[in-house]
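Written out below as structure tokens is the structure these notes cover.
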Amino acid sequence: MRAANDTPATVALLRMRGICKRFAGVTALDNVDISVHAHEVHALMGENGAGKSTLMKILSGVYRHDNGSIELAGRTVSPSDPRAAQALGIAIIHQELNQVPELSVAENFFLGRELKNRFGIIDSARMREESKRWLAELGIRVDLAKPLRNLRIAERQLLEIAKAISLDAKVLVMDEPTTALNTAEVQRLFEVVKRLREQGMAVIYISHRMDEIFRISDRITVLRDGKLVGSMPAHELTRHALIKMMVGRELRELFPARTRQSGAEVVAVRGLSVRGSIGRQALNDIALTVHAGEIVGLAGLLGAGRTEVLEALFGVPAPERVSGDIRINGTAVRLRSPRDAIGLGIGFVTEDRKQQSLVLVRSVGENASLAALGRFVRGGVLQLRREAKEVGAQVRALRVKTPSLHTAAASLSGGNQQKVVLAKWLLTQPKVVLLDEPTQGIDVGAKAEIYELIDRLAKSGTAVVLASSEMPELLALCDRIHVLCEGRIAGTLDYTEATQERILDLATRYSAHVENHIPPPGGLSTKPAIEPASKVST
Amino acid sequence: MSIPTPHLAATAALAMPGGAPAHRRLLDQVLRFQGYLGLLIVFLLGSAFAPVRDNTNLFLDLPNQMNILRYVAETGIIAIGMTLVILIGEIDLAVGAVLAFSATFTAWLLTNGQFSTGTAFVTVLFSGVALGFVNGIVTTGLRIPSFVVTLAMMSFARGLARLIFGGVSIPLLPISEGGGAPESAFFFSQRLGGVLPVPALVMFAMAIIVGGAMRYTAFGRHVYAIGGNSVAARLSGVRVDLVRVTVFALCGALTAFASFIHAVQLNQGAPNDGYAYELNAIAAVVIGGTALQGGIGGIAGSVAGAWMLGMIDNALNLNNVEADVQLLIKGALIVGAVALQRLQRRT
């Protein structure tokens, strides 16, 4: 599987040397080197904010580096924009695919470089013919005239790969390609990647999933805080060593020890179903309970319905789409709007901080007090001084790094923005806190603080529901994990029995396309990928 | 005119925390006080270039300055309502047409209808609220962009004025001058102590009340939050639709107040009045530093913007510059103001 040893000893196909990049005084990349060979799958690892995507954006011409050089096949290049990078043979498959769902598969394949006949009219027949040939090469059989939106994410990714090959790409960058794929689809993707490697392509593979990295990659390069930590053949690394390289400290230090006690039942959901809408997974017969002082986890693949469960508990979907029984503190409630939910003592830290949680142009103070404004009103007038005092105290308690309460939320770092969001909900003195990917895009230091905070919140008797795609997070923090698949609860694991493998297994339980399921050849280890150190100790 | 609005603190803080270069900080200060600085510059230029007669600077002369204020008041009052609408990220193109309807209605109520000043005033105010309410309800309820809804209202309100009042202007004169309207209605065309025009007083009073509400009430915070990010506002428990409808209704009310003043000052109400008033109001808001995307800005800036536009017109008139050139200058100013805002955002 690991082809590192039988890779022909060639000079590096791609060599980035001494790359530096600063944004408005913040160093994103500091003297980073990376060498990628032909016939190599090269994993680029690092926590969120380590600089992986900045490095790849420089490679693909989205950003210009301040210092350093890029050599491609021995020639110094400097792609000025993505098109130029493409012409040089550098292709990127982004996490969010740059495709037009309403156009046909063939039209997407030729997007931006449509084939035309001699009258300058788009030649659909030839486009279908050509794209069919390229797709067949990767073993993809889809109806090319169908709109792209009918394709599964996995198929869309393969389409992008085929497109890259047709453009004669020499270096292929894949950014978190498996986030939304089930086991069989991952397997199929890996077959394709291996084939590309055999054909001499250099593949740069970015992923958070340890098991995948060790299955597919020949070499691993790790970045942390914009600096190169090291680059090693994959077979010389263990999971443990890799995590240590990425995090810079032992993982067990990241999570608080498990010393909580649970109290009365606060949230009880039975038979909760939500009709789907555009971009939203339908939910089917969801049942869950959360006691005071408990952290209940929601796991599942992208689009499995984690966010939708939280939204249903917060009154986000239109009430006519929701059916089932939700009880808060034993009383059946009907949540017609987020306002209703807030009135019942529920707080919701959304997945997308910038789009859904913060008013970026407004100040830290205004953001923090927004959900609890009523508390500061006397006779219709806002008591600005009392507001500043209480908000200030909360902001300080969470150690938000901000010059003042008047600073615009936009100018804070991701971790501090998230703390402002948490401050907002803590100011409402919630009984239930719903957290959706609370540590997404946050540096490691702030992550540890947020874990600590979630733990403290639960200890103080708050009922917490935590939805996350980061399994170590769920495994270390939760008392119970509900695994969602296609809008249903596929299984529930107590913390004593939960492992990454069992979660993944449940997460792909009802998946379509399992008929061609090939068991991964020894790649999936049976031991937990990351030992949930803190929980074993109880 | 310095109501401390919350936005000032926020925009100032858009500077990078600590250690921004000096020129950057200077620029931030300039942008923070965009409206007031513009007003000051226009005032100084106006004074410098004004013709002098009998040892008096015609621009600086107190009666002239008071005339400017009187002239500015209508636009200023409408601009206060328009500021709220723009702060929530919407637009109201119908204010000119609503003014035409309400002014005609005012004249009709006072002259033909023989209503008392108080009754007429409240009725007109209510009609403005009603028209604004329709704007708000259709925008939020049917999820049609306010640009389209108020464009439609622009046509509708003017049509309504012609239909109901017969397409001609209705004269509005006090009984003492041979008209049918009560004297008290003309309080709004008076000058306090023979100097300060009442309309200007109304403008400042409204600015203080609405500006104060923006800072000292939850409603004000909600307006800013909706304009900045309506999704986040809703998920923080803000009744987004209710606030939106209220804002449109308030804009209607302020426009109606301006219409009442308009009618008694001009001694008539005509369905063709208020032409291009929406553009003047929007220009005042934008020049005053309120972002068209919503979420940033304030009432005081808009009043300063309206005042500045009035001063420019006045200064150019004194120098015998043609009205067409004035339009060109106004156009350039709007673009300049928005360009400054873009500069500010590029942090």
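Please note that chains go A, B, ... in the order of the structure tokens, that every chain numbers its residues from 1, and that ligands are numbered from 1 in the order shown.
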
Contacts of region 427-444 of chain A at 9 Å (only C-alpha atoms; same-chain gap of 5+ positions) as a ChimeraX atom specification: /A:47-50,225,247,254,266-267,290,292,306-307,310-311,313-314,328,342,344-353,368-369,371-373,375,390-391,394,413-416,418,422,449-451,457,461-470

Can you write out as CSV which residues of chain A fall within 7 Å of chain B, alongside each residue's closest atom pair and its distance in Å to one decimal, counting only C-alpha atoms and ordering rows by chain and ascending residue number?
residue,atom,partner,partner_atom,distance
A:Pro338,CA,B:Gly237,CA,5.6
A:Arg339,CA,B:Gly237,CA,4.0
A:Ile342,CA,B:Gly237,CA,6.5
A:Gln355,CA,B:Ala232,CA,6.9
A:Gln356,CA,B:Ala232,CA,4.4
A:Ser357,CA,B:Ala232,CA,4.8
A:Leu358,CA,B:Ala232,CA,5.8
A:Val359,CA,B:Asn229,CA,5.1
A:Leu360,CA,B:Gly228,CA,6.9
A:Val361,CA,B:Gly228,CA,6.1
A:Arg362,CA,B:Ala10,CA,6.0
A:Ser363,CA,B:Ala10,CA,5.5
A:Leu370,CA,B:Ser236,CA,6.5
A:Ala371,CA,B:Ser236,CA,4.8
A:Leu373,CA,B:Ala218,CA,6.5
A:Gly380,CA,B:Thr217,CA,6.4
A:Val381,CA,B:Thr217,CA,5.2
A:Leu382,CA,B:Tyr216,CA,4.9
A:Pro403,CA,B:Pro17,CA,5.9
A:His406,CA,B:Ala10,CA,5.6
A:Thr407,CA,B:Ala13,CA,4.5
A:Ala408,CA,B:Leu14,CA,5.6
A:Ser411,CA,B:Met16,CA,6.8

Filtering to N, CA and C atoms, could you give me those residues as a short mmCIF file (atom, residue, chain, number, x, y, z; two decimals), in the first residue's frame?
data_model
loop_
_atom_site.label_atom_id
_atom_site.label_comp_id
_atom_site.auth_asym_id
_atom_site.auth_seq_id
_atom_site.Cartn_x
_atom_site.Cartn_y
_atom_site.Cartn_z
N PRO A 338 -36.73 31.06 17.01
CA PRO A 338 -35.60 31.08 17.96
C PRO A 338 -35.93 31.88 19.21
N ARG A 339 -36.75 32.92 19.04
CA ARG A 339 -37.11 33.74 20.19
C ARG A 339 -37.81 32.90 21.27
N ILE A 342 -35.17 30.81 23.01
CA ILE A 342 -34.35 31.62 23.93
C ILE A 342 -35.14 31.90 25.21
N GLN A 355 -21.64 33.79 9.46
CA GLN A 355 -22.92 33.99 8.77
C GLN A 355 -24.09 33.97 9.73
N GLN A 356 -23.99 33.19 10.81
CA GLN A 356 -25.19 32.95 11.61
C GLN A 356 -25.11 33.45 13.05
N SER A 357 -23.90 33.62 13.56
CA SER A 357 -23.80 33.94 14.99
C SER A 357 -23.46 35.40 15.27
N LEU A 358 -22.64 35.98 14.43
CA LEU A 358 -22.13 37.30 14.75
C LEU A 358 -22.61 38.36 13.76
N VAL A 359 -22.80 39.57 14.29
CA VAL A 359 -22.99 40.72 13.42
C VAL A 359 -21.61 41.35 13.32
N LEU A 360 -20.88 40.95 12.29
CA LEU A 360 -19.45 41.26 12.24
C LEU A 360 -19.12 42.74 12.27
N VAL A 361 -19.99 43.56 11.66
CA VAL A 361 -19.68 45.00 11.60
C VAL A 361 -19.94 45.69 12.93
N ARG A 362 -20.64 45.01 13.84
CA ARG A 362 -20.93 45.63 15.13
C ARG A 362 -19.88 45.23 16.17
N SER A 363 -19.94 45.90 17.29
CA SER A 363 -18.88 45.74 18.29
C SER A 363 -19.02 44.43 19.07
N LEU A 370 -26.58 40.95 22.62
CA LEU A 370 -27.74 40.94 21.72
C LEU A 370 -28.88 40.02 22.18
N ALA A 371 -28.55 38.81 22.61
CA ALA A 371 -29.60 37.87 22.97
C ALA A 371 -30.16 38.13 24.36
N LEU A 373 -30.49 41.35 25.72
CA LEU A 373 -30.73 42.80 25.85
C LEU A 373 -31.83 43.12 26.85
N GLY A 380 -38.05 50.71 29.26
CA GLY A 380 -37.85 50.90 27.84
C GLY A 380 -36.49 51.47 27.48
N VAL A 381 -35.69 51.79 28.48
CA VAL A 381 -34.39 52.41 28.20
C VAL A 381 -33.26 51.45 28.55
N LEU A 382 -32.30 51.35 27.65
CA LEU A 382 -31.14 50.50 27.89
C LEU A 382 -30.24 51.13 28.94
N PRO A 403 -9.22 44.54 22.12
CA PRO A 403 -8.76 45.82 22.67
C PRO A 403 -9.81 46.46 23.56
N HIS A 406 -15.73 47.95 22.33
CA HIS A 406 -16.18 48.69 21.14
C HIS A 406 -15.54 48.19 19.85
N THR A 407 -14.60 47.28 19.98
CA THR A 407 -13.93 46.75 18.79
C THR A 407 -14.93 45.96 17.94
N ALA A 408 -14.85 46.13 16.62
CA ALA A 408 -15.75 45.38 15.74
C ALA A 408 -15.43 43.90 15.84
N SER A 411 -12.82 42.09 13.57
CA SER A 411 -11.36 42.19 13.65
C SER A 411 -10.77 41.21 14.66
#

Contacts of Ala125 (chain A) within 10 Å, only C-alpha atoms, excl. fewer than 4 positions in-chain, as a ChimeraX atom specification: /A:106,115,129-130,145

Who sits within 6 Å of region 173-190 of chain A, only C-alpha atoms, same chain under 4 positions skipped, as a ChimeraX atom specification: /A:92-95,203-207,301-302,508,517

Tell me, as a short mmCIF file (atom, residue, chain, number, x, y, z; two decimals) with C-alpha atoms, in the first residue's frame, which residues lie within 12 Å of Leu88 (chain A), counting only C-alpha atoms; anything in the same chain fewer than 2 positions away does not count.
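And here's out_32.cif as it stands now:
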data_model
loop_
_atom_site.label_atom_id
_atom_site.label_comp_id
_atom_site.auth_asym_id
_atom_site.auth_seq_id
_atom_site.Cartn_x
_atom_site.Cartn_y
_atom_site.Cartn_z
CA LEU A 14 7.18 20.40 -7.01
CA LEU A 59 0.39 27.18 -5.01
CA SER A 60 -2.79 27.66 -6.97
CA GLY A 61 -2.28 31.37 -7.55
CA ILE A 70 8.04 27.68 -6.21
CA GLU A 71 9.71 25.23 -8.59
CA LEU A 72 7.74 22.96 -10.84
CA ALA A 73 9.76 20.30 -12.67
CA ARG A 75 11.55 25.53 -13.39
CA THR A 76 10.75 28.50 -11.16
CA VAL A 77 7.12 29.45 -11.53
CA SER A 78 4.93 32.09 -9.98
CA PRO A 79 1.28 31.50 -10.78
CA SER A 80 -0.42 34.89 -10.78
CA ASP A 81 -3.98 33.52 -10.67
CA PRO A 82 -5.81 30.18 -10.60
CA ARG A 83 -6.01 30.02 -14.38
CA ALA A 84 -2.26 30.44 -14.69
CA ALA A 85 -1.74 27.70 -12.11
CA GLN A 86 -4.06 25.46 -14.07
CA ILE A 90 -1.63 22.50 -10.87
CA ALA A 91 -5.21 21.48 -10.09
CA ALA A 164 -8.06 17.98 -13.72
CA LEU A 167 -6.33 19.53 -18.21
CA ASP A 168 -3.11 17.59 -18.02
CA ALA A 169 -2.58 18.27 -14.32
CA LYS A 170 0.73 17.17 -12.88
CA VAL A 171 0.03 18.20 -9.32
CA LEU A 172 -3.39 17.50 -7.85
#

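With distances restricted to only C-alpha atoms, A:Pro233 is the closest residue to Ile216 (chain A) from A:Ala393, A:Leu228, A:Pro233, A:Thr54.
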
From A:Pro256, A:Pro317, A:Gly392, A:Gly263, residue lying nearest Gly276 (chain A) [only C-alpha atoms]: A:Pro317

Per-residue DSSP, region 135-340 of chain B, filtered to strand (DSSP E), as a ChimeraX atom specification: /B:170-171,191-192,196-197,268-269

Put those residues in a file: C-alpha atoms, as a PDB file, in the first residue's frame.
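To be explicit, this is the file written out as result.pdb:
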ATOM      1  CA  ILE B 170     -54.936  72.291  -3.379  1.00  0.00           C
ATOM      2  CA  PRO B 171     -54.205  75.767  -2.044  1.00  0.00           C
ATOM      3  CA  ARG B 191     -39.550  81.262  12.937  1.00  0.00           C
ATOM      4  CA  LEU B 192     -38.855  81.078  16.635  1.00  0.00           C
ATOM      5  CA  LEU B 196     -34.829  79.931  14.003  1.00  0.00           C
ATOM      6  CA  PRO B 197     -37.214  78.259  11.521  1.00  0.00           C
ATOM      7  CA  GLN B 268     -50.382  74.231  -1.101  1.00  0.00           C
ATOM      8  CA  GLY B 269     -50.406  70.482  -1.461  1.00  0.00           C
TER       9      GLY B 269
END

Contact residues around Thr140 (chain B) with only C-alpha atoms at 12 Å, ignoring same-chain residues under 5 positions, as a list of chain:residue names: B:Glu90, B:Phe133, B:Val134, B:Asn135, B:Pro145, B:Ser146, B:Val149, B:Arg239, B:Val240, B:Asp241, B:Leu242, B:Val243, B:Arg244, B:Val245, B:Thr246, B:Val247, B:Phe248

Would you list the contacts of Phe49 (chain B) as a PDB file with N, CA and C atoms, in the first residue's frame, taking every protein, DNA or RNA residue within 9 Å and counting only C-alpha atoms, but skipping same-chain residues closer than 2 positions in sequence?
ATOM      1  N   LEU B  44     -16.708  76.242   5.189  1.00  0.00           N
ATOM      2  CA  LEU B  44     -15.525  77.097   5.013  1.00  0.00           C
ATOM      3  C   LEU B  44     -15.406  77.574   3.573  1.00  0.00           C
ATOM      4  N   LEU B  45     -15.604  76.655   2.627  1.00  0.00           N
ATOM      5  CA  LEU B  45     -15.517  77.035   1.211  1.00  0.00           C
ATOM      6  C   LEU B  45     -16.603  78.052   0.875  1.00  0.00           C
ATOM      7  N   GLY B  46     -17.807  77.781   1.363  1.00  0.00           N
ATOM      8  CA  GLY B  46     -18.934  78.674   1.111  1.00  0.00           C
ATOM      9  C   GLY B  46     -18.630  80.082   1.604  1.00  0.00           C
ATOM     10  N   SER B  47     -18.053  80.153   2.823  1.00  0.00           N
ATOM     11  CA  SER B  47     -17.724  81.456   3.408  1.00  0.00           C
ATOM     12  C   SER B  47     -16.645  82.156   2.592  1.00  0.00           C
ATOM     13  N   PRO B  51     -20.015  86.014  -2.232  1.00  0.00           N
ATOM     14  CA  PRO B  51     -19.951  87.448  -2.569  1.00  0.00           C
ATOM     15  C   PRO B  51     -20.205  88.284  -1.318  1.00  0.00           C
ATOM     16  N   PHE B  59     -23.055  84.638   2.438  1.00  0.00           N
ATOM     17  CA  PHE B  59     -23.223  83.250   2.862  1.00  0.00           C
ATOM     18  C   PHE B  59     -23.291  83.155   4.383  1.00  0.00           C
ATOM     19  N   ALA B 315     -24.640  77.970  -1.492  1.00  0.00           N
ATOM     20  CA  ALA B 315     -23.378  78.627  -1.855  1.00  0.00           C
ATOM     21  C   ALA B 315     -23.274  78.783  -3.363  1.00  0.00           C
ATOM     22  N   ASN B 319     -23.296  82.244  -5.837  1.00  0.00           N
ATOM     23  CA  ASN B 319     -22.278  82.518  -6.845  1.00  0.00           C
ATOM     24  C   ASN B 319     -22.809  82.406  -8.262  1.00  0.00           C
TER      25      ASN B 319
END

Members of region 36-106 of chain B assigned helix (DSSP H, G or I) by DSSP, as a VMD selection string: chain B and resid 36 to 49 62 to 87 95 to 106
